[in-house]
Structure formats: structure tokens, C-alpha cells
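What's in upload.txt: compact mmCIF, C-alpha atoms
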# COMPACT_ATOMS: atom_id res chain seq x y z
CA MET L 106 -6.40 151.59 98.91
CA ASP L 107 -8.51 149.94 101.57
CA LEU L 108 -7.48 146.93 103.63
CA GLU L 109 -9.66 144.40 101.78
CA ARG L 110 -8.26 145.40 98.37
CA MET L 111 -4.70 145.21 99.70
CA GLN L 112 -5.31 141.71 101.07
CA ALA L 113 -6.82 140.59 97.75
CA LEU L 114 -3.82 141.99 95.87
CA LEU L 115 -1.45 140.28 98.30
CA THR L 116 -3.20 136.97 97.65
CA ALA L 117 -2.88 137.50 93.89
CA LEU L 118 0.83 138.31 94.21
CA GLN L 119 1.51 135.29 96.41
CA GLU L 120 -0.39 132.94 94.09
CA ALA L 121 1.56 134.24 91.09
CA ARG L 122 4.86 133.81 92.89
CA PHE L 123 4.09 130.28 94.06
CA ALA L 124 2.98 129.36 90.52
CA GLY L 125 6.28 130.67 89.12
CA LEU L 126 4.65 133.51 87.20
CA ARG L 127 5.96 137.05 86.93
CA SER L 128 2.76 138.69 85.66
CA VAL L 129 -0.14 139.57 87.93
CA SER L 130 -3.56 140.80 86.77
CA TYR L 131 -5.70 142.69 89.24
CA ASP L 132 -8.51 145.23 88.75
CA GLY L 133 -8.16 145.04 84.96
CA LYS L 134 -4.45 145.89 85.09
CA THR L 135 -1.52 143.59 84.39
CA VAL L 136 1.87 144.09 85.98
CA THR L 137 4.92 142.12 84.89
CA TYR L 138 7.83 141.90 87.32
CA GLY L 139 11.37 141.56 86.00
CA SER L 140 12.45 138.93 88.49
CA ASP L 141 11.32 136.92 91.47
CA ALA L 142 13.21 139.36 93.69
CA GLU L 143 11.06 142.25 92.44
CA LEU L 144 7.90 140.24 93.05
CA ALA L 145 9.11 139.33 96.56
CA ALA L 146 9.86 143.01 97.24
CA ALA L 147 6.33 143.96 96.12
CA ILE L 148 4.90 141.33 98.47
CA ARG L 149 7.00 142.60 101.39
CA ASP L 150 5.97 146.19 100.70
CA LEU L 151 2.30 145.27 100.54
CA GLU L 152 2.56 143.22 103.74
CA GLY L 153 4.05 146.27 105.48
CA ARG L 154 1.24 148.48 104.20
CA ILE L 155 -1.35 145.97 105.45
CA VAL L 156 0.26 145.90 108.90
CA ALA L 157 0.34 149.70 109.02
CA ALA L 158 -3.28 149.97 107.91
CA SER L 159 -4.49 147.39 110.41
CA ALA L 160 -2.46 149.03 113.20
CA MET L 161 -4.31 152.29 112.60
CA THR L 162 -7.67 150.64 113.17
CA ARG L 163 -6.61 148.79 116.30
CA ARG L 164 -6.52 150.74 119.54
CA ARG L 165 -3.80 150.03 122.02
CA ARG L 166 -4.35 149.91 125.71
CA TRP L 167 -1.75 151.09 128.17
CA GLY L 168 -1.69 150.52 131.88
CA THR L 169 0.59 150.49 134.90
CA ILE L 170 1.35 147.41 136.95
CA ALA L 171 3.06 147.57 140.31
CA THR L 172 4.19 144.80 142.63
CA LYS L 173 5.83 144.75 146.03
CA GLY L 174 8.48 142.37 144.79
CA LEU L 175 7.41 139.46 146.99

Entire entry expressed as C-alpha cells:
Amino acid sequence: MDLERMQALLTALQEARFAGLRSVSYDGKTVTYGSDAELAAAIRDLEGRIVAASAMTRRRRWGTIATKGL
């Protein structure tokens, strides 16, 4: 799943949770969660996947800094 689809699904999950719903429809599919805890766990998992996916696209830069301690 690409980053844009994950973010759209995250928005749908958050909107459902804040509205007090346990069913979420996305891409023609409906998922019903048993409790708010399950919905919260799905949100946390998706947030982690989004962070991991965005970390792959971002390049990190490393460097060395030295001082004389003055």
C-alpha cells in the first residue's frame, strides 16, 4: 500500500473513532472493530507503517563535528 492510501485510511479510521463508530468503509470494503481498543490498535499500527514508509523515502545525512573545547 502506498503512502497516500495509508494516510487516507488513517484519516478514515480516526474520523470513525472520534465519531464513536466501530465500522470503517474504505475502498469498497467495510471493517467492523470489536471495541475501541481494537480500533486504536489499528490506528497505532497504521501510524507506525506510515512512519516506516516515510522514513524509507527520506535520506539521512551524517557528518562529523569537532571542537577544541573552548

Atom CA of L:Asp107 to atom CA of L:Tyr138, distance in Å rounded to a single decimal: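 Interatomic distance here is 23.1 Å.
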
If we count only C-alpha atoms, what is near L:Met111 at a cut-off of 9 Å, once residues fewer than 6 positions away on the same chain are taken out, given as a ChimeraX atom specification? /L:151-152,154-155

9 Å contact set for L:Leu114, only C-alpha atoms, chain neighbours under 4 positions out, as a ChimeraX atom specification: /L:109-110,118-119,131,151

If you count all atoms listed in the file, the residue of L:Leu115, L:Gly125, L:Leu108, L:Thr137 closest to L:Ala158 turns out to be L:Leu108

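Atom CA of L:Leu144 sits 19.2 Å away from atom CA of L:Met106.
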
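The closest residue to L:Thr135, picked from L:Ala121, L:Gln112, L:Asp150, L:Lys173 and counting only C-alpha atoms, is L:Ala121.
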
Reconstruct stretch 129-143 of chain L at the level of N, CA, C and O atoms, and format the result as a short mmCIF file (atom, residue, chain, number, x, y, z; two decimals), in the frame of the given file.
data_model
loop_
_atom_site.label_atom_id
_atom_site.label_comp_id
_atom_site.auth_asym_id
_atom_site.auth_seq_id
_atom_site.Cartn_x
_atom_site.Cartn_y
_atom_site.Cartn_z
N VAL L 129 1.01 139.61 87.04
CA VAL L 129 -0.14 139.57 87.93
C VAL L 129 -1.20 140.50 87.35
O VAL L 129 -0.92 141.64 87.00
N SER L 130 -2.43 139.99 87.23
CA SER L 130 -3.56 140.80 86.77
C SER L 130 -4.49 141.05 87.94
O SER L 130 -4.87 140.11 88.64
N TYR L 131 -4.83 142.32 88.14
CA TYR L 131 -5.70 142.69 89.24
C TYR L 131 -6.40 143.99 88.87
O TYR L 131 -5.77 144.93 88.40
N ASP L 132 -7.71 144.04 89.06
CA ASP L 132 -8.51 145.23 88.75
C ASP L 132 -8.37 145.66 87.28
O ASP L 132 -8.32 146.85 86.98
N GLY L 133 -8.27 144.71 86.38
CA GLY L 133 -8.16 145.04 84.96
C GLY L 133 -6.79 145.50 84.53
O GLY L 133 -6.60 145.92 83.39
N LYS L 134 -5.82 145.46 85.41
CA LYS L 134 -4.45 145.89 85.09
C LYS L 134 -3.53 144.69 85.18
O LYS L 134 -3.72 143.80 86.01
N THR L 135 -2.51 144.66 84.36
CA THR L 135 -1.52 143.59 84.39
C THR L 135 -0.16 144.20 84.66
O THR L 135 0.25 145.16 84.01
N VAL L 136 0.53 143.64 85.63
CA VAL L 136 1.87 144.09 85.98
C VAL L 136 2.81 142.92 85.80
O VAL L 136 2.55 141.81 86.27
N THR L 137 3.91 143.15 85.09
CA THR L 137 4.92 142.12 84.89
C THR L 137 6.18 142.52 85.64
O THR L 137 6.71 143.61 85.43
N TYR L 138 6.63 141.65 86.52
CA TYR L 138 7.83 141.90 87.32
C TYR L 138 9.03 141.30 86.61
O TYR L 138 8.94 140.25 85.99
N GLY L 139 10.16 141.98 86.70
CA GLY L 139 11.37 141.56 86.00
C GLY L 139 12.00 140.31 86.57
O GLY L 139 12.63 139.54 85.85
N SER L 140 11.83 140.09 87.86
CA SER L 140 12.45 138.93 88.49
C SER L 140 11.63 138.52 89.71
O SER L 140 10.74 139.25 90.15
N ASP L 141 11.98 137.38 90.25
CA ASP L 141 11.32 136.92 91.47
C ASP L 141 11.64 137.85 92.63
O ASP L 141 10.81 138.05 93.51
N ALA L 142 12.83 138.44 92.62
CA ALA L 142 13.21 139.36 93.69
C ALA L 142 12.31 140.59 93.69
O ALA L 142 11.93 141.09 94.76
N GLU L 143 11.97 141.11 92.51
CA GLU L 143 11.06 142.25 92.44
C GLU L 143 9.67 141.89 92.94
O GLU L 143 9.04 142.68 93.64
#
